[in-house]
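Data block for data37.cif (mmCIF, C-alpha atoms):
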```
data_my_file
loop_
_atom_site.label_atom_id
_atom_site.label_comp_id
_atom_site.auth_asym_id
_atom_site.auth_seq_id
_atom_site.Cartn_x
_atom_site.Cartn_y
_atom_site.Cartn_z
CA MET R 5 -27.16 5.98 3.72
CA LYS R 6 -27.09 8.35 0.78
CA GLN R 7 -25.86 11.89 0.85
CA ALA R 8 -26.33 14.47 -1.86
CA VAL R 9 -23.14 16.19 -3.01
CA GLY R 10 -23.91 18.94 -5.48
CA GLY R 11 -25.95 17.25 -8.15
CA GLY R 12 -24.44 13.83 -7.64
CA ILE R 13 -25.32 11.23 -5.05
CA ILE R 14 -22.66 9.06 -3.41
CA ALA R 15 -23.30 6.34 -0.91
CA THR R 16 -21.54 7.11 2.34
CA ARG R 17 -21.73 5.69 5.79
CA LYS R 18 -21.47 7.65 8.96
CA ARG R 19 -19.09 6.36 11.57
CA PHE R 20 -21.30 4.09 13.63
CA TYR R 21 -18.79 2.93 16.21
CA LYS R 22 -16.83 4.63 18.95
CA GLY R 23 -13.74 2.47 19.26
CA THR R 24 -11.94 -0.38 17.54
CA ALA R 25 -10.03 -3.35 18.93
CA VAL R 26 -8.47 -6.62 17.87
CA ILE R 27 -9.30 -10.03 19.29
CA GLN R 28 -7.57 -13.36 18.94
CA ASN R 29 -9.42 -16.51 18.05
CA ASP R 30 -7.13 -19.58 18.02
CA ASN R 31 -4.49 -18.68 15.46
CA LYS R 32 -6.63 -16.07 13.81
CA TRP R 33 -7.15 -12.42 14.54
CA GLU R 34 -10.29 -10.37 14.09
CA VAL R 35 -11.20 -6.69 14.29
CA THR R 36 -14.07 -5.32 16.34
CA LEU R 37 -15.92 -2.06 15.87
CA ASP R 38 -17.25 -1.51 19.39
CA HIS R 39 -18.73 -4.94 20.14
CA ARG R 40 -19.37 -5.91 16.51
CA ARG R 41 -16.98 -8.11 14.56
CA LEU R 42 -15.84 -6.54 11.30
CA LYS R 43 -17.24 -8.41 8.33
CA THR R 44 -16.41 -8.56 4.65
CA PRO R 45 -18.92 -7.42 1.98
CA ASN R 46 -19.98 -11.06 1.58
CA GLY R 47 -20.78 -11.31 5.27
CA ASN R 48 -17.76 -13.38 6.31
CA VAL R 49 -16.02 -12.36 9.50
CA LEU R 50 -12.81 -10.58 8.58
CA THR R 51 -10.04 -12.84 9.87
CA VAL R 52 -6.33 -12.53 9.30
CA GLY R 53 -3.52 -14.87 10.27
CA ASN R 54 -1.39 -12.43 12.22
CA GLU R 55 -1.67 -9.71 14.85
CA PRO R 56 0.06 -6.77 13.12
CA LEU R 57 -2.25 -6.94 10.12
CA ALA R 58 -5.33 -7.00 12.34
CA ARG R 59 -3.97 -3.99 14.21
CA VAL R 60 -3.34 -1.87 11.13
CA VAL R 61 -6.83 -2.69 9.84
CA ALA R 62 -8.26 -1.62 13.21
CA VAL R 63 -6.35 1.67 12.96
CA GLU R 64 -7.69 2.17 9.44
CA TRP R 65 -11.23 2.09 10.87
CA ASP R 66 -10.30 4.09 13.93
CA SER R 67 -8.86 6.93 11.86
CA GLN R 68 -12.12 7.50 10.00
CA ASN R 69 -13.88 10.73 10.86
CA GLU R 70 -17.61 11.32 10.80
CA THR R 71 -18.02 9.65 7.44
CA ILE R 72 -16.31 6.43 6.50
CA SER R 73 -14.19 6.97 3.43
CA GLN R 74 -14.19 3.41 2.19
CA ALA R 75 -12.41 4.14 -1.08
CA THR R 76 -9.19 4.98 0.73
CA MET R 77 -9.24 1.99 3.10
CA HIS R 78 -6.88 -0.15 1.09
CA LEU R 79 -5.89 -2.56 3.85
CA THR R 80 -9.49 -3.48 4.54
CA ALA R 81 -10.21 -3.72 0.81
CA LEU R 82 -7.30 -6.12 0.34
CA CYS R 83 -8.42 -8.32 3.23
CA ASN R 84 -11.97 -8.32 1.83
CA THR R 85 -10.81 -9.31 -1.64
CA ALA R 86 -8.60 -12.07 -0.26
CA LEU R 87 -11.43 -13.55 1.81
CA ASP R 88 -14.41 -13.05 -0.51
CA ASN R 89 -12.50 -13.62 -3.74
CA PRO R 90 -15.16 -11.91 -5.87
CA GLY R 91 -13.19 -12.57 -9.03
CA LYS R 92 -13.18 -16.32 -8.25
CA LEU R 93 -9.45 -16.48 -8.84
CA THR R 94 -6.93 -19.10 -7.83
CA SER R 95 -3.31 -18.53 -6.88
CA HIS R 96 -2.34 -19.87 -10.27
CA ASP R 97 -4.58 -17.34 -12.01
CA ILE R 98 -2.85 -14.50 -10.21
CA VAL R 99 0.63 -15.87 -10.90
CA ASN R 100 -0.21 -16.25 -14.59
CA TYR R 101 -1.43 -12.69 -14.69
CA LEU R 102 1.78 -11.47 -13.06
CA LEU R 103 3.89 -13.42 -15.53
CA GLU R 104 1.92 -11.97 -18.41
CA HIS R 105 2.48 -8.47 -17.05
CA TYR R 106 6.22 -9.00 -16.68
CA PRO R 107 7.32 -8.38 -20.33
CA THR R 108 5.59 -4.97 -20.24
CA ASP R 109 7.27 -3.95 -16.99
CA THR R 110 7.84 -0.18 -16.97
CA LEU R 111 11.49 -0.65 -16.09
CA LEU R 112 12.16 -2.49 -19.33
CA PHE R 113 11.10 0.43 -21.51
CA TYR R 114 13.69 3.14 -21.79
CA SER R 115 13.02 6.32 -23.72
CA GLU R 116 14.12 6.31 -27.33
CA ASP R 117 13.41 9.95 -28.12
CA GLU R 118 14.61 12.04 -25.23
CA GLU R 119 18.25 11.76 -24.27
CA GLU R 120 17.87 13.54 -20.93
CA LEU R 121 15.05 11.24 -19.91
CA ARG R 122 17.01 8.22 -21.01
CA ASP R 123 19.98 9.33 -18.92
CA LEU R 124 17.73 9.72 -15.91
CA GLN R 125 16.23 6.28 -16.47
CA GLU R 126 19.68 4.75 -16.78
CA ARG R 127 20.78 6.34 -13.53
CA LYS R 128 17.66 5.35 -11.60
CA TRP R 129 16.45 2.12 -13.18
CA THR R 130 19.63 0.29 -14.12
CA PRO R 131 20.68 -0.34 -10.49
CA ILE R 132 17.28 -1.93 -9.81
CA LEU R 133 17.45 -4.06 -12.95
CA ASP R 134 20.97 -5.18 -12.02
CA TRP R 135 19.79 -6.00 -8.51
CA PHE R 136 16.82 -7.94 -9.93
CA GLN R 137 18.91 -10.06 -12.28
CA LYS R 138 21.49 -10.77 -9.60
CA THR R 139 18.99 -11.57 -6.84
CA PHE R 140 16.87 -13.90 -8.94
CA ASN R 141 19.76 -15.20 -11.01
CA VAL R 142 18.14 -14.34 -14.34
CA LYS R 143 19.07 -12.37 -17.42
CA GLN R 144 16.64 -9.86 -18.87
CA GLU R 145 16.94 -7.78 -22.04
CA LEU R 146 15.41 -4.37 -22.34
CA ALA R 147 12.56 -3.62 -24.74
CA ASN R 148 13.31 -2.43 -28.23
CA SER R 149 11.08 0.53 -29.08
CA ILE R 150 7.51 -0.37 -28.07
CA GLN R 151 7.87 -4.13 -28.46
CA PRO R 152 8.13 -6.11 -25.22
CA PRO R 153 11.48 -7.88 -24.88
CA PRO R 154 11.86 -11.65 -25.09
CA VAL R 155 11.71 -13.54 -21.81
CA PHE R 156 13.70 -16.72 -21.15
CA THR R 157 11.67 -19.74 -20.13
CA GLU R 158 13.98 -20.07 -17.17
CA THR R 159 13.08 -16.54 -16.06
CA ARG R 160 9.37 -17.36 -16.19
CA ALA R 161 10.03 -20.52 -14.19
CA VAL R 162 12.02 -18.66 -11.52
CA LEU R 163 9.37 -15.97 -11.18
CA ALA R 164 6.53 -18.50 -11.11
CA ARG R 165 8.24 -20.51 -8.36
CA HIS R 166 8.87 -17.36 -6.36
CA PHE R 167 5.31 -16.04 -6.62
CA LEU R 168 3.80 -19.43 -5.87
CA SER R 169 5.64 -19.48 -2.54
CA TYR R 170 3.13 -16.84 -1.35
CA ASP R 171 -0.37 -17.67 -0.23
CA PHE R 172 -3.52 -16.44 -1.93
CA ALA R 173 -4.00 -13.40 0.31
CA ALA R 174 -0.41 -12.27 -0.26
CA LEU R 175 -0.79 -12.81 -4.02
CA THR R 176 -3.91 -10.64 -4.02
CA ALA R 177 -1.83 -7.92 -2.42
CA ILE R 178 1.11 -8.44 -4.79
CA ASN R 179 -1.26 -8.11 -7.73
CA PHE R 180 -2.67 -4.90 -6.29
CA GLY R 181 0.82 -3.45 -5.90
CA VAL R 182 1.88 -4.49 -9.40
CA GLU R 183 -1.19 -2.80 -10.88
CA ALA R 184 -0.38 0.42 -9.07
CA LEU R 185 3.29 0.35 -10.06
CA LYS R 186 2.79 -1.15 -13.52
CA SER R 187 5.93 -3.09 -12.68
CA PRO R 188 6.36 -6.57 -11.22
CA ILE R 189 10.09 -5.84 -10.84
CA LEU R 190 9.48 -2.81 -8.63
CA MET R 191 6.98 -4.77 -6.55
CA LEU R 192 9.56 -7.53 -6.10
CA ALA R 193 12.11 -4.89 -5.10
CA CYS R 194 9.67 -3.73 -2.40
CA MET R 195 9.01 -7.28 -1.24
CA GLU R 196 12.74 -7.97 -0.93
CA ARG R 197 13.17 -4.66 0.91
CA ARG R 198 15.41 -3.19 -1.76
CA VAL R 199 13.23 -0.01 -1.88
CA VAL R 200 10.44 1.43 0.25
CA PRO R 201 7.04 2.02 -1.42
CA GLU R 202 7.65 5.77 -1.69
CA GLU R 203 10.82 5.20 -3.71
CA ALA R 204 9.17 2.52 -5.83
CA VAL R 205 6.38 4.90 -6.82
CA LEU R 206 8.89 7.64 -7.71
CA LEU R 207 10.72 5.15 -9.92
CA ALA R 208 7.46 3.96 -11.46
CA ARG R 209 6.48 7.54 -12.22
CA LEU R 210 9.95 8.59 -13.42
CA GLU R 211 8.80 9.77 -16.81
CA GLU R 212 5.89 11.76 -15.35
CA GLU R 213 8.20 13.37 -12.83
CA TYR R 214 10.62 14.22 -15.63
CA GLN R 215 7.91 15.75 -17.81
CA LEU R 216 6.40 17.82 -15.07
CA GLU R 217 9.81 19.20 -14.11
CA ARG R 218 9.96 20.54 -17.64
CA TRP R 219 6.36 21.47 -18.28
CA GLY R 220 5.11 22.40 -14.85
CA ARG R 221 3.40 20.65 -12.03
CA VAL R 222 -0.36 20.44 -11.63
CA PRO R 223 -0.40 19.96 -7.87
CA TRP R 224 -3.73 18.36 -7.47
CA ALA R 225 -3.25 15.87 -10.28
CA HIS R 226 0.33 14.85 -9.71
CA GLY R 227 0.46 15.07 -5.95
CA LEU R 228 -2.79 13.15 -5.80
CA SER R 229 -1.49 10.43 -8.08
CA GLN R 230 1.73 10.14 -6.08
CA ALA R 231 -0.11 9.90 -2.77
CA ASP R 232 -2.71 7.45 -4.09
CA LEU R 233 -0.17 5.07 -5.61
CA THR R 234 2.12 5.16 -2.58
CA ALA R 235 -0.82 4.43 -0.27
CA ARG R 236 -1.80 1.47 -2.45
CA VAL R 237 1.66 0.00 -2.73
CA SER R 238 2.43 0.37 0.99
CA ALA R 239 -0.89 -1.24 1.92
CA ALA R 240 -0.11 -4.15 -0.38
CA LEU R 241 3.41 -4.51 0.98
CA LEU R 242 2.25 -4.44 4.60
CA LEU R 243 -0.09 -7.31 3.89
CA VAL R 244 2.63 -9.35 2.18
CA HIS R 245 5.21 -8.79 4.91
CA CYS R 246 2.79 -9.41 7.77
CA ALA R 247 1.73 -12.67 6.13
CA THR R 248 5.27 -13.88 5.60
CA GLU R 249 6.64 -12.85 8.97
CA LYS R 250 4.72 -15.60 10.69
CA HIS R 251 6.39 -18.08 8.38
CA ALA R 252 9.86 -16.72 9.17
CA ILE R 253 9.30 -16.81 12.88
CA LYS R 254 8.16 -20.41 12.75
CA THR R 255 11.33 -21.36 10.88
CA LYS R 256 13.53 -19.67 13.47
CA SER R 257 11.92 -21.42 16.44
CA ALA R 258 12.31 -24.76 14.68
CA GLN R 259 16.04 -24.11 14.42
CA ASP R 260 16.28 -22.91 18.00
CA SER R 261 14.86 -26.09 19.43
CA GLN R 262 17.53 -28.23 17.72
CA MET T 20 24.14 -2.73 10.90
CA ALA T 21 21.07 -1.27 12.44
CA SER T 22 20.61 -1.20 16.16
CA ILE T 23 17.34 -0.36 17.80
CA THR T 24 18.69 2.97 19.03
CA SER T 25 20.35 4.01 15.77
CA LYS T 26 19.31 7.35 14.33
CA PRO T 27 17.37 6.14 11.26
CA VAL T 28 15.35 3.76 13.38
CA LEU T 29 14.45 6.49 15.86
CA VAL T 30 13.61 8.96 13.09
CA THR T 31 11.17 6.47 11.60
CA LEU T 32 9.65 5.85 15.01
CA ARG T 33 9.15 9.58 15.53
CA GLN T 34 7.59 9.99 12.08
CA LEU T 35 5.31 7.04 12.68
CA LEU T 36 4.11 8.41 16.01
CA SER T 37 3.53 11.80 14.42
CA GLU T 38 1.25 10.28 11.79
CA LEU T 39 -0.62 8.22 14.36
CA ARG T 40 -1.16 11.28 16.53
CA ARG T 41 -2.71 13.12 13.59
CA GLN T 42 -5.03 10.29 12.68
CA SER T 43 -6.12 9.13 16.08
CA PRO T 44 -9.47 10.36 17.43
CA THR T 45 -8.01 10.46 20.95
CA LYS T 46 -5.16 12.92 20.78
CA LYS T 47 -3.39 11.35 23.75
CA LEU T 48 -0.85 8.94 22.32
CA ALA T 49 -0.45 7.09 25.60
CA GLU T 50 -3.98 5.74 25.22
CA ASN T 51 -3.48 4.68 21.65
CA GLN T 52 -3.44 0.89 21.26
CA MET T 53 -1.33 0.94 18.12
CA VAL T 54 1.27 3.17 19.78
CA ARG T 55 1.56 0.76 22.70
CA TYR T 56 1.84 -2.15 20.30
CA ILE T 57 4.63 -0.41 18.38
CA PHE T 58 6.57 0.30 21.57
CA ASP T 59 6.18 -3.35 22.58
CA GLN T 60 7.64 -4.40 19.24
CA TYR T 61 10.55 -1.97 19.52
CA ARG T 62 11.32 -3.17 23.04
CA LYS T 63 11.29 -6.76 21.89
CA TYR T 64 14.22 -6.02 19.61
CA GLN T 65 16.24 -4.12 22.18
CA THR T 66 18.45 -7.08 23.10
CA THR T 67 21.37 -6.78 20.70
CA ASP T 68 21.80 -10.18 19.24
CA GLN T 69 23.65 -11.09 16.05
CA GLN T 70 20.76 -13.27 14.95
CA LEU T 71 18.26 -10.50 15.51
CA CYS T 72 20.22 -7.87 13.53
CA LYS T 73 18.43 -8.90 10.38
CA ALA T 74 15.17 -8.89 12.31
CA ILE T 75 15.77 -5.27 13.34
CA ASP T 76 16.28 -4.29 9.69
CA GLU T 77 13.07 -6.08 8.79
CA MET T 78 11.17 -4.40 11.56
CA HIS T 79 12.56 -1.01 10.58
CA PHE T 80 11.52 -1.57 6.98
CA ARG T 81 8.01 -2.53 8.15
CA ALA T 82 7.86 0.69 10.19
CA ARG T 83 8.87 2.73 7.15
CA THR T 84 6.26 0.96 5.03
CA TYR T 85 3.56 1.69 7.60
CA HIS T 86 4.66 5.30 7.80
CA ASN T 87 4.49 5.54 3.98
CA TYR T 88 0.95 4.19 4.19
CA LEU T 89 -0.28 6.55 6.89
CA HIS T 90 1.46 9.59 5.48
CA HIS T 91 0.35 9.17 1.88
CA SER T 92 -3.21 8.13 2.78
CA ARG T 93 -3.48 11.37 4.74
CA LYS T 94 -1.93 13.42 1.93
CA TYR T 95 -4.38 11.91 -0.54
CA LYS T 96 -7.39 12.82 1.58
CA GLU T 97 -6.04 16.33 2.17
CA LEU T 98 -5.35 16.98 -1.51
CA ASN T 99 -8.75 15.61 -2.38
CA THR T 100 -10.56 17.92 0.03
CA GLU T 101 -8.40 20.88 -0.92
CA PHE T 102 -8.90 20.57 -4.65
CA LYS T 103 -12.31 18.95 -4.79
CA GLY T 104 -14.71 20.78 -7.04
CA LYS T 105 -18.12 21.87 -5.89
CA GLY T 106 -19.69 19.22 -8.05
CA GLU T 107 -22.60 19.76 -10.35
CA ARG T 108 -25.25 22.26 -9.52
CA SER T 109 -28.33 20.70 -8.05
CA ILE T 110 -31.56 20.79 -10.02
CA GLU T 111 -32.93 23.42 -7.67
CA GLU T 112 -29.91 25.71 -8.13
CA THR T 113 -30.13 25.40 -11.87
CA ALA T 114 -33.80 26.24 -11.87
CA ASN T 115 -33.16 29.26 -9.63
CA MET T 116 -30.55 30.53 -12.07
CA VAL T 117 -33.20 31.05 -14.74
CA GLY T 118 -35.86 32.22 -12.33
CA PHE T 119 -37.92 29.06 -12.11
CA LYS T 120 -39.15 27.31 -9.01
CA LEU T 121 -39.35 23.53 -8.83
CA PRO T 122 -42.83 21.99 -8.95
CA HIS T 123 -44.09 20.57 -5.68
CA ASP T 124 -43.96 16.81 -5.48
CA PRO T 125 -47.44 15.38 -4.89
CA LYS T 126 -47.74 13.66 -1.54
CA PRO T 127 -47.51 9.82 -1.92
#
```

Would you mind writing the structure in this file as structure tokens?
Amino acid sequence: MKQAVGGGIIATRKRFYKGTAVIQNDNKWEVTLDHRRLKTPNGNVLTVGNEPLARVVAVEWDSQNETISQATMHLTALCNTALDNPGKLTSHDIVNYLLEHYPTDTLLFYSEDEEELRDLQERKWTPILDWFQKTFNVKQELANSIQPPPVFTETRAVLARHFLSYDFAALTAINFGVEALKSPILMLACMERRVVPEEAVLLARLEEEYQLERWGRVPWAHGLSQADLTARVSAALLLVHCATEKHAIKTKSAQDSQ
Amino acid sequence: MASITSKPVLVTLRQLLSELRRQSPTKKLAENQMVRYIFDQYRKYQTTDQQLCKAIDEMHFRARTYHNYLHHSRKYKELNTEFKGKGERSIEETANMVGFKLPHDPKP
């Protein structure tokens, strides 16, 4: 259904359902829009492996008004990408991409020119970098000027092992979060619950925040960017944590029965 | 460590419910499936158990993440509507500006 907006035409759909619900099918969960099962763009039924994720997807659809604003439905988009895999990626592809992104992590690039900014970065970023090195038992140098820093083989191995412990759907989400943050380290900090998405985005945008304190805020541009990135990162993180919770619970019940 | 009735946990719960109320088509929270699900989850963790202490922290973090998601999704849509431009003028408007009328399309 097309709708004219000024001179441009955007494809929009009107809300065609009254209510949403979740249903369980064996170990899988699905979302229903009225009596219809929610499907991915490729026509597969949207199934997820845990109840909370199904529920937040259902809420995403339920909170749409008269028109469905698909561009902001990040949870659904992530589930669709994980199931349809339009990019024809494997888990290894995603992990390789993440490892390639790592040397250009925002947190490794401190300002050379502005002392005030550098001070701010040291105050805000150094604790995260220290936490990262301690938690993963790795050493990481900072970048020198615009050149990415060297990365130990051991560090790559540790990160690869860690990322590969997540399934394909979770990796899709991790990738999504890393792209929004431009920082694998900040995404890992979110995954390990060191920071909430809101804080991670503030840290990722530290230089922008610094500059606009000095030069003035353009509310629609900066506020919009902040809100958009935080929505993306929190959607990604929800997917990762919902997917891994099931794993944790299984481990606990195995211990209990001993 | 966190207990289910500690202040931060309750603050998050209140914030989460506030966001859900804004976004739900039915304004009555009692009917909201997600709200009932959240209360079920919170009740599950009410038994104070050393083992579950970590689980409460995890659950609280998940609640904060979900609140981040709802809150910032809403903010994004609001900012977008508030600052959205009118878009380009339509062909008809442009023609009217210079005093022309559009030709009639022949019937197919």

(request) Tell me which residues the PyMOL selection byres ((chain R) within 10 of (chain T)) grabs here, as a PyMOL selection string. (result) chain R and resi 8-12+22-26+55-56+59-60+62-64+66-69+73+76-79+194+196-203+223-225+227-242+245-246+249+252-253+256

(request) Just give me the gap between CA of Leu216 (chain R) and CA of Phe180 (chain R) in Å, one decimal is fine. (result) 26.0 Å

(request) Tell me which protein, DNA and RNA residues are within 8 Å of Leu185 (chain R), counting only C-alpha atoms, leaving out same-chain ones fewer than 4 positions away, and put them as a ChimeraX atom specification. (result) /R:181,190-191,204-205,208,233,237

Using the selection just defined, write its residues with C-alpha atoms as a PDB file, in the frame of the given file.
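Result saved to part-v1.pdb:
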```pdb
ATOM      1  CA  GLY R 181       0.820  -3.450  -5.900  1.00  0.00           C
ATOM      2  CA  LEU R 190       9.480  -2.810  -8.630  1.00  0.00           C
ATOM      3  CA  MET R 191       6.980  -4.770  -6.550  1.00  0.00           C
ATOM      4  CA  ALA R 204       9.170   2.520  -5.830  1.00  0.00           C
ATOM      5  CA  VAL R 205       6.380   4.900  -6.820  1.00  0.00           C
ATOM      6  CA  ALA R 208       7.460   3.960 -11.460  1.00  0.00           C
ATOM      7  CA  LEU R 233      -0.170   5.070  -5.610  1.00  0.00           C
ATOM      8  CA  VAL R 237       1.660   0.000  -2.730  1.00  0.00           C
TER       9      VAL R 237
END
```

(request) Tell me which residues the PyMOL selection byres ((chain R and resi 33) around 10) grabs here, as a ChimeraX atom specification. (result) /R:26-32,34-35,50-59

For the residues in that selection, give me C-alpha atoms as a compact mmCIF listing (two decimals), in the frame of the given file.
```txt
# COMPACT_ATOMS: atom_id res chain seq x y z
CA VAL R 26 -8.47 -6.62 17.87
CA ILE R 27 -9.30 -10.03 19.29
CA GLN R 28 -7.57 -13.36 18.94
CA ASN R 29 -9.42 -16.51 18.05
CA ASP R 30 -7.13 -19.58 18.02
CA ASN R 31 -4.49 -18.68 15.46
CA LYS R 32 -6.63 -16.07 13.81
CA GLU R 34 -10.29 -10.37 14.09
CA VAL R 35 -11.20 -6.69 14.29
CA LEU R 50 -12.81 -10.58 8.58
CA THR R 51 -10.04 -12.84 9.87
CA VAL R 52 -6.33 -12.53 9.30
CA GLY R 53 -3.52 -14.87 10.27
CA ASN R 54 -1.39 -12.43 12.22
CA GLU R 55 -1.67 -9.71 14.85
CA PRO R 56 0.06 -6.77 13.12
CA LEU R 57 -2.25 -6.94 10.12
CA ALA R 58 -5.33 -7.00 12.34
CA ARG R 59 -3.97 -3.99 14.21
```

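CA of Ala174 (chain R) is found 4.9 Å from CA of Val244 (chain R).
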